[in-house]
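Trainee: Dropping in work-v5.cif, which is mmCIF, C-alpha atoms and all ligand atoms:
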data_run
#
loop_
_atom_site.label_atom_id
_atom_site.label_comp_id
_atom_site.auth_asym_id
_atom_site.auth_seq_id
_atom_site.Cartn_x
_atom_site.Cartn_y
_atom_site.Cartn_z
CA MET N 1 31.62 -133.09 -39.93
CA SER N 2 30.46 -134.23 -43.36
CA GLY N 3 29.39 -137.19 -45.40
CA VAL N 4 26.78 -139.90 -45.08
CA LEU N 5 27.09 -143.08 -43.03
CA ILE N 6 24.84 -146.11 -43.61
CA VAL N 7 24.62 -149.09 -41.28
CA ALA N 8 24.11 -152.25 -43.34
CA GLU N 9 21.45 -154.66 -42.18
CA HIS N 10 21.82 -158.39 -42.60
CA LEU N 11 20.07 -161.58 -41.57
CA GLN N 12 21.39 -165.12 -41.64
CA GLY N 13 24.44 -164.02 -43.60
CA ARG N 14 22.55 -162.14 -46.30
CA LEU N 15 22.32 -158.44 -46.88
CA ARG N 16 18.78 -157.17 -46.46
CA ASP N 17 17.26 -155.20 -49.34
CA VAL N 18 16.81 -152.11 -47.20
CA THR N 19 20.58 -151.55 -47.22
CA ARG N 20 20.63 -151.19 -51.00
CA GLU N 21 17.68 -148.82 -50.73
CA LEU N 22 19.60 -146.67 -48.23
CA VAL N 23 22.47 -146.42 -50.73
CA THR N 24 20.04 -145.06 -53.35
CA ALA N 25 18.59 -142.61 -50.84
CA ALA N 26 22.06 -141.39 -49.85
CA GLY N 27 22.85 -140.62 -53.48
CA GLY N 28 20.69 -137.51 -53.31
CA LEU N 29 22.59 -136.06 -50.37
CA GLY N 30 26.05 -135.69 -51.87
CA GLY N 31 29.24 -136.06 -49.90
CA PRO N 32 31.30 -139.19 -49.38
CA LEU N 33 29.24 -142.28 -48.63
CA THR N 34 30.44 -144.82 -46.07
CA VAL N 35 28.66 -148.11 -45.37
CA ALA N 36 29.35 -149.83 -42.05
CA VAL N 37 29.13 -153.61 -41.82
CA ILE N 38 28.78 -154.83 -38.23
CA ALA N 39 29.18 -158.61 -38.23
CA ARG N 40 31.16 -161.57 -36.95
CA ASP N 41 32.38 -162.27 -40.48
CA PRO N 42 32.03 -158.97 -42.36
CA GLY N 43 33.95 -160.05 -45.50
CA PRO N 44 31.14 -161.45 -47.68
CA LEU N 45 28.74 -158.72 -46.56
CA ALA N 46 31.32 -156.04 -47.38
CA GLU N 47 31.48 -157.45 -50.91
CA ALA N 48 27.68 -157.33 -51.16
CA VAL N 49 27.54 -153.65 -50.15
CA ASN N 50 30.24 -152.62 -52.59
CA LEU N 51 27.60 -150.95 -54.72
CA SER N 52 27.81 -148.08 -57.15
CA GLY N 53 27.98 -144.83 -55.18
CA VAL N 54 29.64 -146.27 -52.06
CA ASP N 55 33.03 -144.68 -51.37
CA GLU N 56 34.13 -146.58 -48.30
CA ILE N 57 33.11 -149.70 -46.40
CA VAL N 58 34.01 -149.86 -42.72
CA THR N 59 33.85 -153.27 -41.11
CA VAL N 60 33.31 -153.72 -37.38
CA ARG N 61 33.83 -157.22 -36.00
CA VAL N 62 31.48 -158.35 -33.26
CA ASP N 63 31.23 -161.74 -31.57
CA SER N 64 27.65 -162.51 -32.54
CA GLU N 65 26.54 -164.18 -35.76
CA GLU N 66 23.22 -162.33 -35.77
CA PHE N 67 22.07 -158.84 -34.84
CA GLU N 68 22.43 -157.86 -31.20
CA VAL N 69 21.39 -154.50 -29.91
CA ASP N 70 24.31 -153.72 -27.57
CA SER N 71 27.08 -154.50 -30.05
CA SER N 72 25.29 -152.53 -32.78
CA GLN N 73 24.81 -149.58 -30.44
CA ALA N 74 28.47 -149.60 -29.38
CA ALA N 75 29.57 -149.84 -33.01
CA LEU N 76 27.35 -146.99 -34.18
CA GLU N 77 28.48 -144.73 -31.34
CA ALA N 78 32.11 -145.41 -32.26
CA LEU N 79 31.46 -144.90 -35.97
CA VAL N 80 29.70 -141.56 -35.47
CA ALA N 81 32.39 -140.37 -33.04
CA GLU N 82 35.21 -141.41 -35.35
CA ARG N 83 33.83 -140.55 -38.82
CA ARG N 84 31.66 -137.61 -37.79
CA PRO N 85 29.10 -137.99 -40.60
CA ASP N 86 26.55 -135.22 -40.77
CA VAL N 87 23.88 -137.76 -41.76
CA THR N 88 23.53 -141.37 -40.61
CA LEU N 89 20.94 -143.55 -42.33
CA LEU N 90 19.44 -146.73 -40.92
CA GLY N 91 16.45 -148.74 -42.10
CA PHE N 92 13.18 -148.15 -40.27
CA THR N 93 13.26 -151.75 -39.09
CA VAL N 94 12.83 -153.60 -35.83
CA ASN N 95 16.62 -153.94 -35.52
CA SER N 96 17.46 -150.29 -36.12
CA MET N 97 14.63 -149.05 -33.94
CA SER N 98 16.21 -150.87 -31.02
CA PHE N 99 19.46 -148.89 -31.09
CA GLY N 100 19.20 -145.92 -33.50
CA PRO N 101 17.08 -143.69 -31.24
CA ALA N 102 19.30 -144.52 -28.25
CA VAL N 103 22.43 -143.46 -30.12
CA ALA N 104 20.73 -140.28 -31.33
CA ALA N 105 19.75 -139.39 -27.76
CA LYS N 106 23.18 -140.18 -26.33
CA LEU N 107 25.14 -138.26 -28.99
CA GLU N 108 22.56 -135.46 -29.14
CA CYS N 109 21.82 -135.98 -32.82
CA GLY N 110 18.70 -134.88 -34.64
CA PHE N 111 16.42 -137.84 -35.23
CA ALA N 112 13.43 -138.91 -37.32
CA SER N 113 11.94 -142.32 -38.04
CA ASP N 114 9.86 -143.70 -40.92
CA VAL N 115 11.32 -141.12 -43.28
CA PHE N 116 10.35 -141.49 -46.95
CA GLY N 117 11.98 -138.40 -48.48
CA ILE N 118 15.32 -136.72 -47.87
CA ALA N 119 17.15 -133.83 -49.45
CA ARG N 120 20.02 -131.52 -48.75
CA GLU N 121 18.78 -127.93 -49.01
CA GLY N 122 21.65 -125.53 -48.68
CA GLU N 123 23.40 -126.55 -45.49
CA SER N 124 20.32 -128.19 -43.99
CA ILE N 125 18.97 -131.72 -44.23
CA VAL N 126 15.24 -131.95 -44.89
CA ALA N 127 13.45 -135.21 -44.08
CA THR N 128 9.85 -135.98 -45.06
CA ARG N 129 7.64 -138.19 -42.95
CA ALA N 130 3.95 -138.60 -42.21
CA PHE N 131 1.99 -137.71 -39.10
CA TYR N 132 -1.52 -138.38 -37.80
CA GLY N 133 -1.94 -141.76 -39.48
CA SER N 134 -0.63 -140.40 -42.80
CA LYS N 135 -3.21 -137.63 -42.91
CA VAL N 136 -0.44 -135.05 -43.19
CA GLN N 137 3.09 -135.08 -44.49
CA ALA N 138 5.67 -132.89 -42.82
CA GLU N 139 9.14 -131.75 -43.77
CA LEU N 140 11.57 -131.66 -40.87
CA GLU N 141 14.52 -129.35 -41.29
CA PHE N 142 17.74 -130.19 -39.47
CA PRO N 143 20.00 -127.15 -39.48
CA ALA N 144 23.66 -127.44 -40.35
CA GLY N 145 26.07 -128.12 -37.53
CA SER N 146 24.28 -130.91 -35.71
CA PRO N 147 24.52 -134.51 -36.88
CA VAL N 148 21.30 -136.31 -37.69
CA ILE N 149 20.25 -139.96 -37.58
CA LEU N 150 17.37 -140.91 -39.86
CA LEU N 151 15.51 -144.21 -40.08
CA LEU N 152 14.26 -144.62 -43.65
CA ARG N 153 11.14 -146.51 -44.60
CA PRO N 154 11.89 -149.78 -46.44
CA THR N 155 10.68 -149.91 -50.08
CA ALA N 156 10.53 -146.09 -50.34
CA TRP N 157 13.63 -146.09 -52.57
CA SER N 158 14.64 -148.56 -55.26
CA PRO N 159 17.62 -150.74 -54.36
CA ALA N 160 21.04 -149.59 -55.60
CA GLU N 161 22.66 -151.87 -58.12
CA GLY N 162 25.90 -152.17 -59.99
CA PRO N 163 29.34 -152.83 -58.58
CA GLY N 164 31.22 -150.07 -56.79
CA GLN N 165 34.85 -149.39 -56.12
CA ALA N 166 34.77 -148.72 -52.41
CA THR N 167 37.83 -149.03 -50.22
CA VAL N 168 37.46 -151.36 -47.24
CA THR N 169 38.80 -150.44 -43.80
CA GLU N 170 38.32 -151.94 -40.37
CA LEU N 171 37.32 -150.17 -37.17
CA GLN N 172 38.07 -151.79 -33.81
CA VAL N 173 35.33 -151.25 -31.27
CA SER N 174 35.63 -152.33 -27.64
CA PRO N 175 33.06 -155.01 -26.91
CA ARG N 176 30.21 -154.02 -24.65
CA THR N 177 28.45 -156.30 -22.21
CA ALA N 178 25.44 -157.71 -23.98
CA ARG N 179 22.20 -157.43 -22.05
CA SER N 180 20.45 -159.72 -24.50
CA ARG N 181 21.69 -162.51 -26.74
CA HIS N 182 20.39 -163.88 -29.99
CA LEU N 183 19.55 -167.53 -29.29
CA GLU N 184 17.90 -169.00 -32.36
CA PHE N 185 15.42 -168.45 -35.15
CA VAL N 186 12.08 -170.12 -34.72
CA GLU N 187 10.11 -170.82 -37.87
CA ALA N 188 6.60 -169.43 -37.89
CA PRO N 189 4.01 -172.20 -37.77
CA PRO N 190 3.06 -173.36 -41.25
CA SER N 191 -0.06 -171.70 -42.56
CA ASP N 192 -2.77 -172.98 -44.84
CA VAL N 193 -2.61 -169.86 -46.94
CA ASP N 194 0.03 -167.72 -48.61
CA ILE N 195 -1.53 -164.31 -49.24
CA THR N 196 1.61 -163.13 -51.05
CA THR N 197 0.90 -165.37 -54.05
CA SER N 198 -2.77 -164.46 -54.54
CA ASP N 199 -3.76 -162.30 -57.53
CA PHE N 200 -6.90 -161.12 -55.77
CA LEU N 201 -7.06 -160.19 -52.09
CA LEU N 202 -10.25 -159.28 -50.32
CA SER N 203 -8.99 -157.55 -47.21
CA ILE N 204 -10.96 -156.67 -44.10
CA GLY N 205 -10.18 -154.27 -41.29
CA ARG N 206 -11.59 -153.09 -37.98
CA GLY N 207 -14.52 -151.58 -39.87
CA ILE N 208 -16.19 -155.00 -39.96
CA GLY N 209 -16.94 -154.45 -36.29
CA GLU N 210 -17.50 -157.92 -34.85
CA ARG N 211 -15.75 -161.26 -35.05
CA GLU N 212 -19.01 -162.85 -36.17
CA ASN N 213 -18.89 -160.79 -39.39
CA ILE N 214 -15.70 -162.44 -40.62
CA GLU N 215 -17.66 -165.45 -41.83
CA GLN N 216 -19.61 -163.26 -44.28
CA PHE N 217 -16.40 -161.90 -45.81
CA ALA N 218 -14.69 -165.29 -45.89
CA ALA N 219 -17.67 -166.64 -47.83
CA LEU N 220 -17.72 -163.61 -50.12
CA ALA N 221 -13.99 -163.98 -50.83
CA GLU N 222 -14.52 -167.61 -51.75
CA LYS N 223 -17.43 -166.77 -54.04
CA MET N 224 -15.39 -164.07 -55.78
CA GLY N 225 -12.28 -166.22 -56.16
CA ALA N 226 -10.32 -164.01 -53.77
CA THR N 227 -8.10 -164.80 -50.81
CA LEU N 228 -9.09 -163.26 -47.49
CA SER N 229 -6.49 -161.00 -45.89
CA VAL N 230 -6.75 -158.67 -42.91
CA SER N 231 -5.35 -155.61 -41.19
CA ARG N 232 -3.50 -155.95 -37.90
CA PRO N 233 -6.32 -155.25 -35.43
CA ILE N 234 -8.09 -158.36 -36.72
CA VAL N 235 -5.01 -160.42 -35.88
CA ASP N 236 -4.38 -158.63 -32.57
CA ALA N 237 -7.94 -159.46 -31.54
CA GLY N 238 -7.18 -163.12 -32.20
CA TRP N 239 -9.86 -163.31 -34.91
CA MET N 240 -7.54 -164.45 -37.71
CA PRO N 241 -3.99 -165.88 -37.86
CA SER N 242 -1.04 -163.60 -38.51
CA ALA N 243 -0.36 -165.38 -41.82
CA ARG N 244 -3.24 -163.34 -43.25
CA GLN N 245 -2.00 -159.94 -42.02
CA VAL N 246 -0.98 -157.35 -44.59
CA GLY N 247 1.46 -154.63 -43.65
CA GLN N 248 4.73 -153.64 -42.13
CA SER N 249 4.62 -156.29 -39.42
CA GLY N 250 2.66 -158.68 -41.64
CA LYS N 251 3.11 -159.67 -45.26
CA THR N 252 3.98 -157.44 -48.18
CA VAL N 253 1.58 -158.20 -51.01
CA LYS N 254 1.23 -157.14 -54.60
CA PRO N 255 -1.94 -158.74 -56.00
CA LYS N 256 -3.54 -157.66 -59.25
CA VAL N 257 -6.57 -156.54 -57.23
CA TYR N 258 -6.69 -155.44 -53.57
CA LEU N 259 -10.25 -154.91 -52.36
CA ALA N 260 -10.24 -153.28 -48.91
CA PHE N 261 -13.29 -153.24 -46.64
CA GLY N 262 -13.17 -150.98 -43.58
CA ILE N 263 -9.41 -150.39 -43.56
CA SER N 264 -8.32 -146.84 -42.72
CA GLY N 265 -4.96 -147.02 -44.52
CA ALA N 266 -2.50 -146.51 -41.69
CA VAL N 267 1.04 -146.13 -42.92
CA GLN N 268 1.97 -149.56 -41.57
CA HIS N 269 -0.83 -151.14 -43.57
CA LEU N 270 -0.08 -149.20 -46.76
CA ALA N 271 3.57 -150.28 -46.52
CA GLY N 272 2.42 -153.81 -47.23
CA MET N 273 0.00 -153.25 -50.13
CA LYS N 274 0.36 -149.88 -51.81
CA THR N 275 2.07 -151.32 -54.89
CA SER N 276 -0.90 -153.60 -55.66
CA GLY N 277 -2.13 -153.44 -59.26
CA THR N 278 -5.62 -152.07 -58.66
CA ILE N 279 -6.68 -150.94 -55.20
CA ILE N 280 -10.38 -150.60 -54.42
CA ALA N 281 -11.32 -149.15 -51.04
CA ILE N 282 -14.66 -149.12 -49.25
CA ASN N 283 -14.88 -146.87 -46.22
CA THR N 284 -17.44 -144.57 -44.66
CA ASP N 285 -14.76 -141.93 -43.92
CA PRO N 286 -14.01 -139.85 -47.03
CA GLU N 287 -10.77 -138.69 -45.37
CA ALA N 288 -9.45 -142.23 -44.82
CA ALA N 289 -5.82 -142.49 -45.94
CA ILE N 290 -6.57 -145.65 -47.91
CA PHE N 291 -8.19 -143.39 -50.53
CA ASP N 292 -4.78 -141.75 -51.13
CA VAL N 293 -3.52 -144.97 -52.70
CA ALA N 294 -6.82 -146.38 -54.01
CA HIS N 295 -7.51 -146.38 -57.74
CA TYR N 296 -11.24 -146.74 -57.04
CA GLY N 297 -13.08 -145.92 -53.86
CA ALA N 298 -16.57 -145.87 -52.44
CA VAL N 299 -17.60 -143.85 -49.39
CA ILE N 300 -20.30 -146.19 -48.23
CA ASP N 301 -21.18 -148.72 -45.56
CA LEU N 302 -19.14 -151.84 -46.24
CA PHE N 303 -21.97 -154.24 -45.44
CA SER N 304 -24.19 -152.77 -48.14
CA VAL N 305 -21.42 -153.38 -50.70
CA ALA N 306 -20.83 -156.91 -49.42
CA ASP N 307 -24.57 -157.65 -49.67
CA GLU N 308 -24.71 -156.43 -53.27
CA LEU N 309 -21.60 -158.38 -54.26
CA GLU N 310 -23.09 -161.54 -52.79
CA LYS N 311 -26.00 -161.18 -55.19
CA LEU N 312 -23.66 -160.76 -58.16
CA PHE N 313 -21.45 -163.82 -57.58
C1 LIG Y 401 5.08 -150.98 -35.35
C2 LIG Y 401 3.69 -151.12 -35.93
C3 LIG Y 401 3.48 -152.07 -36.91
C4 LIG Y 401 2.21 -152.21 -37.46
N1 LIG Y 401 2.02 -153.12 -38.44
C5 LIG Y 401 0.82 -153.21 -39.04
C6 LIG Y 401 0.61 -154.11 -40.11
O1 LIG Y 401 1.49 -154.88 -40.49
N2 LIG Y 401 -0.62 -154.13 -40.68
C7 LIG Y 401 -1.64 -153.32 -40.29
O2 LIG Y 401 -2.73 -153.39 -40.87
N3 LIG Y 401 -1.46 -152.46 -39.26
C8 LIG Y 401 -0.27 -152.40 -38.62
N4 LIG Y 401 -0.11 -151.56 -37.57
C9 LIG Y 401 -1.31 -150.90 -37.01
C10 LIG Y 401 -1.71 -149.66 -37.79
O3 LIG Y 401 -1.05 -148.52 -37.24
C11 LIG Y 401 -3.23 -149.41 -37.67
O4 LIG Y 401 -3.59 -149.35 -36.31
C12 LIG Y 401 -4.05 -150.50 -38.35
O5 LIG Y 401 -3.61 -150.72 -39.68
C13 LIG Y 401 -5.50 -150.04 -38.39
O6 LIG Y 401 -6.27 -151.09 -38.90
P1 LIG Y 401 -7.67 -150.81 -39.57
O7 LIG Y 401 -7.50 -149.90 -40.74
O8 LIG Y 401 -8.33 -152.12 -39.80
O9 LIG Y 401 -8.47 -150.11 -38.38
P2 LIG Y 401 -8.89 -148.60 -38.17
O10 LIG Y 401 -7.74 -147.68 -38.31
O11 LIG Y 401 -9.65 -148.56 -36.91
O12 LIG Y 401 -9.86 -148.29 -39.39
C14 LIG Y 401 -11.13 -148.84 -39.54
C15 LIG Y 401 -11.75 -148.15 -40.71
O13 LIG Y 401 -13.01 -148.73 -40.98
C16 LIG Y 401 -13.89 -147.68 -41.37
N5 LIG Y 401 -15.25 -148.14 -41.08
C17 LIG Y 401 -15.81 -148.38 -39.85
N6 LIG Y 401 -17.05 -148.86 -40.01
C18 LIG Y 401 -17.28 -148.94 -41.35
C19 LIG Y 401 -18.38 -149.37 -42.14
N7 LIG Y 401 -19.51 -149.86 -41.59
N8 LIG Y 401 -18.25 -149.32 -43.49
C20 LIG Y 401 -17.14 -148.84 -44.07
N9 LIG Y 401 -16.06 -148.43 -43.38
C21 LIG Y 401 -16.13 -148.49 -42.03
C22 LIG Y 401 -13.48 -146.49 -40.56
O14 LIG Y 401 -13.88 -145.29 -41.17
C23 LIG Y 401 -11.98 -146.64 -40.49
O15 LIG Y 401 -11.34 -145.92 -41.53
C24 LIG Y 401 1.14 -151.41 -37.01
C25 LIG Y 401 1.38 -150.46 -36.02
C26 LIG Y 401 2.63 -150.32 -35.48
C27 LIG Y 401 2.86 -149.27 -34.42
#
Could you express the structure from this file as structure tokens?
Mentor:
Amino acid sequence: MSGVLIVAEHLQGRLRDVTRELVTAAGGLGGPLTVAVIARDPGPLAEAVNLSGVDEIVTVRVDSEEFEVDSSQAALEALVAERRPDVTLLGFTVNSMSFGPAVAAKLECGFASDVFGIAREGESIVATRAFYGSKVQAELEFPAGSPVILLLRPTAWSPAEGPGQATVTELQVSPRTARSRHLEFVEAPPSDVDITTSDFLLSIGRGIGERENIEQFAALAEKMGATLSVSRPIVDAGWMPSARQVGQSGKTVKPKVYLAFGISGAVQHLAGMKTSGTIIAINTDPEAAIFDVAHYGAVIDLFSVADELEKLF
């Protein structure tokens, strides 16, 4: 049992960036690197994953154009049984979450999700991930001898580039009855705003308290020349449309200025904004995780700041 296996992720015929990031992450682990492409037509995708550092590409033909959980699960079980990698890397994505943990449980592999650091220390694999809303980071050690499946956080590694010289082989996997089928993609309803193109986001979170308070921050954003964005609870409550949500299940943004009012800085929120140019956070909790990524912060009631800013603009 040795080597690293990556399962490539693709959507509408295109390789998703997270796959290239997994290749970079795998570089630090040593051992032969195999990338599996599970697709109806794996050829073009196999070419796209032939990146520097990849030793072998294994294609698995399935009968669905797009991702389906049962065929991916069957393929991964067969790949792990046949290749016996000691580490399997998947993206921490909606797709991988739907079959990676199941395979880990069935094959009795070690498992961790949302991993943002990995290393081989001696014979062990050490994975770093956060707990308690990112208040602590923990290193999980997986001792030698048991295979491990890790779901790595997208954007935590830079994407691998440069052509590789991988060999391409095919693995036949018996089809499994699909309990769900991909039917179609439905475009999200058009939105009046694209928060990903704004240079200045004024972002509000649950700390604003009441729906009625949104108006104050919408007006302040307009006065300041900012675009209003929000954390997920504001969308979940039905107070604002999902087009304005920043984060893992919302939009990834990189404005010049990100001004956050009453946002705690949960990992899923940070995933969407932590590379912003200048991050300013306002929160009454000095331990809030948003301060870990903020360049400037104020531990103060957000309404008092909003009131003062209104006078200035
Ligand atoms: C699979 C998954 C995907 C997710 N995707 C996203 C995502 O895309 N985006 C996202 O945002 N979240 C996402 N979440 C939810 C995320 O885990 C958090 O629950 C969410 O980000 C918390 O939002 P918040 O910071 O607004 O609220 P809270 O965590 O409740 O924080 C509110 C903050 O406001 C502060 N506060 C309260 N009153 C005041 C005041 N008067 N003045 C100043 N500060 C005040 C508090 O101290 C607190 O820190 C996801 C979760 C899961 C499981």
Trainee: Closest to ligand LIG 401 (chain Y) among N:Leu259, N:Val69, N:Val246, N:Val168, using all atoms listed in the file?
Mentor: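 Of all the options, N:Val246 lies closest to ligand LIG 401 (chain Y).
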Trainee: Collect all residues with atoms no farther than 7 Å from ligand LIG 401 (chain Y), counting all atoms listed in the file, and output them as a PyMOL selection string.
Mentor: chain N and resi 204-209+230-234+245-251+261-269+272+282-285+288+300-303
Trainee: Using CA of Ile280 (chain N) and CA of Gly297 (chain N) as the two end points, give the distance in Å to one decimal.
Mentor: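 Interatomic distance here is 5.4 Å.
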Trainee: When distances are computed from only C-alpha atoms, which of N:Ser98, N:Thr19, N:Thr88, N:Ser229 shows the smallest separation from Thr197 (chain N)?
Mentor: N:Ser229
Trainee: My list of candidates is N:Gly27, N:Pro32, N:Gly13, N:Gly91. Which is closest to Leu45 (chain N) when distances are computed with only C-alpha atoms?
Mentor: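 Counting only C-alpha atoms, the residue closest to Leu45 (chain N) is N:Gly13.
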Trainee: Would you compute the distance between CA of Glu68 (chain N) and CA of Ala8 (chain N)? Give it in Å to one decimal.
Mentor: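 Calculated distance between CA of Glu68 (chain N) and CA of Ala8 (chain N) is 13.5 Å.
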Trainee: Between N:Glu210, N:Glu56, N:Glu222, N:Asp192, which is the closest to Arg244 (chain N) once you count all atoms listed in the file?
Mentor: N:Asp192
Trainee: Please provide the set of residues having any atom within 12 Å of Lys223 (chain N), restricted to all atoms listed in the file, with same-chain residues fewer than 6 positions apart removed, written as a list in words.
Mentor: Leu202, Gln216, Phe217, Ala306, Leu309, Glu310, Lys311, Leu312 and Phe313 of chain N
Trainee: Which centre and edge lengths in Å to one decimal define the box along x, y and z that fits every listed atom of region 218-225 of chain N plus 6 Å per side, as JSON?
Mentor:
{"center_x": -15.0, "center_y": -165.6, "center_z": -51.0, "size_x": 17.4, "size_y": 16.0, "size_z": 22.3}
Trainee: In Å, rounded to a single decimal, give me how far CA of Tyr258 (chain N) is from CA of Leu201 (chain N).
Mentor: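 Pair CA of Leu201 (chain N) / CA of Tyr258 (chain N) returns 5.0 Å.
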Trainee: List the spatial neighbours of Gly3 (chain N) as number ranges by chain - criterion: any atom at most 12 Å away, only C-alpha atoms, same-chain residues fewer than 6 positions off excluded.
Mentor: N: 26-35, 54-56, 80, 83-89, 120, 125, 147-148
Trainee: Out of N:Phe116, N:Phe142, N:Trp157, N:Trp239, which residue has the shortest atom-to-atom distance to Leu22 (chain N) when counting all atoms listed in the file?
Mentor: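 Of N:Phe116, N:Phe142, N:Trp157, N:Trp239, the one nearest Leu22 (chain N), counting all atoms listed in the file, is N:Trp157.
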Trainee: Measuring atom to atom with only C-alpha atoms, identify which of N:Leu270, N:Ala160, N:Val235, N:Val18 is nearest to Ala289 (chain N).
Mentor: N:Leu270
Trainee: So that I can check the surroundings of Pro255 (chain N), please list as an MDAnalysis selection string every protein, DNA and RNA residue that reaches within 6 Å of it, counting all atoms listed in the file and ignoring chain neighbours fewer than 2 positions away.
Mentor: chainID N and resid 198:200 257 276
Trainee: Okay, now the selection with C-alpha atoms, as an mmCIF file, in the frame of the given file?
Mentor:
data_model
loop_
_atom_site.group_PDB
_atom_site.id
_atom_site.type_symbol
_atom_site.label_atom_id
_atom_site.label_comp_id
_atom_site.auth_asym_id
_atom_site.auth_seq_id
_atom_site.Cartn_x
_atom_site.Cartn_y
_atom_site.Cartn_z
ATOM 1 C CA SER N 198 -2.770 -164.460 -54.540
ATOM 2 C CA ASP N 199 -3.760 -162.300 -57.530
ATOM 3 C CA PHE N 200 -6.900 -161.120 -55.770
ATOM 4 C CA VAL N 257 -6.570 -156.540 -57.230
ATOM 5 C CA SER N 276 -0.900 -153.600 -55.660
#
Trainee: Please return as a PyMOL selection string every residue within 6 Å of (23.6, -162.1, -29.4), taking into account only C-alpha atoms and the file's own coordinates.
Mentor: chain N and resi 64+68+181-182
Trainee: Please determine the residues with any atom at most 8 Å from (35.7, -148.5, -29.4) (coordinates as given in the file, with all atoms listed in the file counting) and report them as a list of chain:residue names.
Mentor: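 It turns out the residues near that spot are N:Ala74, N:Ala75, N:Ala78, N:Gln172, N:Val173, N:Ser174, N:Pro175.
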